[in-house]
>>> print(open('coords.cif').read())   # mmCIF, C-alpha atoms and all ligand atoms
data_coords
#
loop_
_atom_site.label_atom_id
_atom_site.label_comp_id
_atom_site.auth_asym_id
_atom_site.auth_seq_id
_atom_site.Cartn_x
_atom_site.Cartn_y
_atom_site.Cartn_z
CA MET A 36 55.12 22.43 7.32
CA ARG A 37 56.32 18.90 6.63
CA ARG A 38 54.88 17.75 9.97
CA ILE A 39 51.49 19.26 9.18
CA LEU A 40 51.55 17.52 5.80
CA PHE A 41 52.36 14.13 7.35
CA ASP A 42 49.80 14.64 10.12
CA SER A 43 47.05 15.42 7.63
CA LEU A 44 47.95 12.33 5.57
CA LEU A 45 47.85 10.07 8.63
CA LYS A 46 44.85 11.54 10.42
CA GLY A 47 42.60 12.25 7.44
CA PRO A 48 39.94 14.97 7.37
CA LEU A 49 38.69 16.33 10.70
CA THR A 50 35.18 16.95 9.40
CA GLU A 51 32.25 14.65 10.13
CA PRO A 52 31.24 12.24 7.37
CA ALA A 53 28.55 13.61 5.07
CA PRO A 54 25.00 12.50 5.91
CA SER A 55 23.32 10.08 3.58
CA GLY A 56 20.91 11.66 1.12
CA ASP A 57 18.48 8.79 1.68
CA ASP A 58 18.60 8.74 5.49
CA PRO A 59 15.41 6.83 6.42
CA GLU A 60 14.51 9.23 9.27
CA LEU A 61 14.86 12.25 7.00
CA LEU A 62 12.81 10.61 4.25
CA ALA A 63 10.05 9.64 6.69
CA LEU A 64 9.92 13.14 8.19
CA GLY A 65 10.04 14.71 4.73
CA ARG A 66 7.14 12.62 3.48
CA GLU A 67 5.08 13.51 6.55
CA LEU A 68 5.91 17.17 5.99
CA LYS A 69 4.97 17.00 2.31
CA THR A 70 1.64 15.35 3.14
CA ALA A 71 0.84 18.11 5.68
CA LEU A 72 1.88 20.88 3.27
CA ASP A 73 -0.18 19.39 0.44
CA ALA A 74 -3.24 19.09 2.67
CA TRP A 75 -3.11 22.39 4.52
CA PHE A 76 -0.74 24.83 2.82
CA GLY A 77 -1.41 24.52 -0.91
CA GLY A 78 1.63 22.29 -1.42
CA SER A 79 4.43 24.51 -0.17
CA LEU A 80 5.61 26.72 2.68
CA ALA A 81 7.68 29.83 1.92
CA ILE A 82 10.16 30.78 4.62
CA ARG A 83 11.90 34.10 5.16
CA MET A 84 14.94 33.62 7.34
CA VAL A 85 15.90 36.46 9.70
CA ASP A 86 19.18 36.52 11.59
CA ALA A 87 18.38 38.87 14.46
CA GLY A 88 21.89 38.74 15.90
CA SER A 89 23.07 35.13 16.10
CA CYS A 90 26.63 33.80 16.13
CA ASN A 91 25.92 32.15 12.72
CA GLY A 92 25.91 28.64 14.16
CA CYS A 93 22.15 28.37 13.71
CA GLU A 94 22.43 29.73 10.15
CA LEU A 95 24.92 27.05 9.15
CA GLU A 96 22.45 24.34 10.16
CA ILE A 97 19.58 26.13 8.42
CA HIS A 98 21.68 26.50 5.25
CA ALA A 99 22.22 22.74 5.36
CA LEU A 100 18.49 22.27 4.76
CA ASN A 101 19.08 23.51 1.21
CA ASN A 102 22.18 21.43 0.47
CA PRO A 103 22.10 18.35 -1.79
CA PHE A 104 21.87 15.97 1.19
CA TYR A 105 18.83 17.42 2.94
CA ASP A 106 17.34 19.19 -0.11
CA LEU A 107 14.15 20.24 1.65
CA GLU A 108 12.68 21.81 -1.46
CA ARG A 109 11.73 18.32 -2.59
CA PHE A 110 9.30 18.20 0.37
CA GLY A 111 7.70 21.59 -0.34
CA LEU A 112 9.78 23.99 1.79
CA LYS A 113 11.43 26.92 0.13
CA PHE A 114 13.36 29.95 1.32
CA VAL A 115 12.36 33.30 -0.16
CA ALA A 116 14.19 36.61 -0.32
CA SER A 117 11.33 38.89 0.72
CA PRO A 118 8.97 38.77 3.70
CA ARG A 119 6.21 39.81 1.29
CA HIS A 120 6.49 36.38 -0.34
CA ALA A 121 6.68 34.45 2.93
CA ASP A 122 4.25 32.34 4.95
CA MET A 123 6.63 32.05 7.86
CA LEU A 124 9.53 33.85 9.49
CA LEU A 125 12.36 31.67 10.80
CA VAL A 126 14.27 33.82 13.28
CA THR A 127 17.62 33.02 14.89
CA GLY A 128 19.78 34.57 17.56
CA PRO A 129 19.06 36.86 20.41
CA VAL A 130 17.45 40.02 19.08
CA THR A 131 20.12 42.69 19.22
CA ARG A 132 19.04 46.25 19.82
CA ASN A 133 20.28 47.12 16.33
CA MET A 134 18.09 44.42 14.74
CA ARG A 135 14.96 45.03 16.79
CA GLU A 136 13.35 47.51 14.42
CA ALA A 137 14.36 45.44 11.36
CA LEU A 138 12.64 42.39 12.85
CA GLU A 139 9.50 44.38 13.66
CA ARG A 140 9.39 45.78 10.13
CA THR A 141 9.97 42.34 8.59
CA PHE A 142 7.10 40.96 10.69
CA ASP A 143 4.81 43.81 9.60
CA ALA A 144 5.74 43.23 5.93
CA THR A 145 4.80 39.54 6.05
CA PRO A 146 1.22 38.94 4.91
CA SER A 147 -1.26 37.24 7.26
CA PRO A 148 -1.80 34.50 8.13
CA LYS A 149 1.84 34.16 9.15
CA TRP A 150 3.85 32.16 11.60
CA VAL A 151 7.02 32.93 13.50
CA VAL A 152 9.43 30.15 14.42
CA ALA A 153 12.30 30.99 16.76
CA ALA A 154 15.25 28.64 16.13
CA GLY A 155 18.02 28.02 18.64
CA ASP A 156 18.42 28.60 22.37
CA CYS A 157 19.36 32.27 21.91
CA ALA A 158 16.08 32.90 20.09
CA ARG A 159 14.16 31.76 23.18
CA ASP A 160 15.63 34.07 25.82
CA GLY A 161 18.92 35.48 24.57
CA GLY A 162 20.82 32.30 25.47
CA VAL A 163 24.52 32.88 26.08
CA PHE A 164 24.07 36.53 25.08
CA ALA A 165 21.29 37.25 27.60
CA GLY A 166 22.02 40.28 29.73
CA SER A 167 24.33 41.91 27.20
CA TYR A 168 23.86 45.65 26.79
CA ALA A 169 23.51 44.99 23.04
CA VAL A 170 20.66 42.49 23.33
CA ALA A 171 16.94 43.27 23.62
CA GLY A 172 16.06 39.64 24.51
CA GLY A 173 14.59 36.57 22.84
CA VAL A 174 12.47 36.77 19.69
CA GLY A 175 9.26 36.69 21.75
CA VAL A 176 10.15 40.04 23.32
CA VAL A 177 9.80 41.69 19.90
CA VAL A 178 7.28 39.66 17.85
CA PRO A 179 4.78 36.90 18.74
CA VAL A 180 6.36 33.45 18.47
CA ASP A 181 4.32 30.40 17.41
CA LEU A 182 6.98 27.77 17.94
CA HIS A 183 10.45 27.49 19.42
CA ILE A 184 12.97 24.92 18.18
CA PRO A 185 15.59 24.35 20.92
CA GLY A 186 19.26 23.55 20.39
CA CYS A 187 22.61 25.30 20.18
CA PRO A 188 22.41 25.03 17.30
CA PRO A 189 19.43 22.81 16.35
CA THR A 190 20.46 20.14 13.84
CA PRO A 191 18.80 19.99 10.40
CA LEU A 192 16.69 17.03 11.56
CA GLN A 193 15.57 18.96 14.67
CA LEU A 194 14.63 21.86 12.40
CA VAL A 195 12.56 19.55 10.18
CA LYS A 196 10.82 18.08 13.25
CA GLY A 197 10.04 21.61 14.46
CA LEU A 198 8.57 22.63 11.12
CA LEU A 199 6.48 19.49 11.13
CA ALA A 200 5.19 20.40 14.59
CA LEU A 201 4.29 23.85 13.24
CA THR A 202 2.14 22.36 10.48
CA GLY A 203 0.18 20.56 13.22
CA LYS A 204 -0.29 23.75 15.21
CA ALA A 205 -1.23 25.85 12.20
CA ARG A 206 -4.12 23.63 11.04
S1 LIG B 301 21.75 29.08 19.82
FE1 LIG B 301 23.95 28.58 19.79
S2 LIG B 301 24.45 28.43 17.60
FE2 LIG B 301 22.48 29.51 17.73
S3 LIG B 301 23.00 31.70 17.79
FE3 LIG B 301 22.90 31.00 19.92
S4 LIG B 301 25.01 30.47 20.45
FE4 LIG B 301 24.88 30.55 18.21
#
>>> encode(input="coords.cif", output="structure tokens")
Amino acid sequence: MRRILFDSLLKGPLTEPAPSGDDPELLALGRELKTALDAWFGGSLAIRMVDAGSCNGCELEIHALNNPFYDLERFGLKFVASPRHADMLLVTGPVTRNMREALERTFDATPSPKWVVAAGDCARDGGVFAGSYAVAGGVGVVVPVDLHIPGCPPTPLQLVKGLLALTGKAR
């Protein structure tokens, strides 16, 4: 116990330093996103997040979009609790057989026009879980996908870049 205490005093925290809230790249991307949302989406984009069977790594990065550092709501993105209030589904993970019907029903409950973004390598083709008896496949096997954001997991900035690319495709 004493050794652990001394080690932690000498080595400091093992976590990465917190990102800066005014990171110039984030601010530039955010402004671009806000301009696109104001021009083409009535000022905001409502996202319903669906975890179709991920390891939670992708979710942690997506949750970061709402934290005080990234704070994406200031640029017009918001997460909603119901697909009926959503413009877009953000789906992570391979689609497990148990989640297949839930994803189909969530897609059906989302009003048109709607977009589906698959986030993370598993969402493309099952990733490291491909071939498992419990996995139906990537998101595209179950619902039509408009955009895929690669990464394992994608970082918050990669997610913002992907959403920006979607606004270009959706116009
Ligand atoms: S892409 Fe990576 S982080 Fe995301 S669900 Fe798959 S294994 Fe987990």
>>> residues_near_ligand(input="coords.cif", ligand="ligand LIG 301 (chain B)", cutoff="6 Å", atoms="all atoms listed in the file", output="list in words")
Ser89, Cys90, Asn91, Gly92, Cys93, Gly128, Gly155, Asp156, Cys157, Cys187 and Pro188 of chain A
>>> residues_around(input="coords.cif", residues="range 167-179 of chain A", least_positions_apart="3", cutoff="12 Å", atoms="all atoms listed in the file", output="VMD selection string")
chain A and resid 85 to 89 124 to 143 149 to 164 182 to 184
>>> closest_residue(input="coords.cif", among="A:Pro189, A:Gly203, A:Gly65, A:Pro54", to="Leu107 in chain A", atoms="only C-alpha atoms")
A:Gly65
>>> closest_residue(input="coords.cif", among="A:Leu61, A:Ala53, A:Leu201, A:Ala165", to="Met123 in chain A", atoms="all atoms listed in the file")
A:Leu201
>>> atom_distance(input="coords.cif", atom1="CA of Pro59 in chain A", atom2="CA of Met84 in chain A")
26.8 Å
>>> residues_around(input="coords.cif", residues="Ala63 in chain A", least_positions_apart="4", cutoff="12 Å", atoms="only C-alpha atoms", output="compact mmCIF listing (two decimals) with C-alpha atoms, in the coordinates of the input")
# COMPACT_ATOMS: atom_id res chain seq x y z
CA ASP A 57 18.48 8.79 1.68
CA ASP A 58 18.60 8.74 5.49
CA PRO A 59 15.41 6.83 6.42
CA GLU A 67 5.08 13.51 6.55
CA LEU A 68 5.91 17.17 5.99
CA LYS A 69 4.97 17.00 2.31
CA THR A 70 1.64 15.35 3.14
CA PHE A 110 9.30 18.20 0.37
CA LEU A 192 16.69 17.03 11.56
CA VAL A 195 12.56 19.55 10.18
CA LYS A 196 10.82 18.08 13.25
CA LEU A 199 6.48 19.49 11.13
>>> residues_around(input="coords.cif", residues="Leu72 in chain A", least_positions_apart="3", cutoff="12 Å", atoms="all atoms listed in the file", output="list in words")
Gly65, Arg66, Glu67, Leu68, Lys69, Trp75, Phe76, Gly77, Gly78, Ser79, Leu80, Ala81, Glu108, Arg109, Phe110, Gly111, Leu112, Lys113, Asp122, Leu198, Leu199, Ala200, Leu201, Thr202, Gly203, Ala205 and Arg206 of chain A
>>> atom_distance(input="coords.cif", atom1="CA of Phe114 in chain A", atom2="CA of Ile82 in chain A")
4.7 Å
>>> closest_residue(input="coords.cif", among="A:Pro191, A:Arg83, A:Leu64, A:Glu51", to="Leu95 in chain A", atoms="all atoms listed in the file")
A:Pro191
>>> atom_distance(input="coords.cif", atom1="CA of Val115 in chain A", atom2="CA of Ser147 in chain A")
16.0 Å
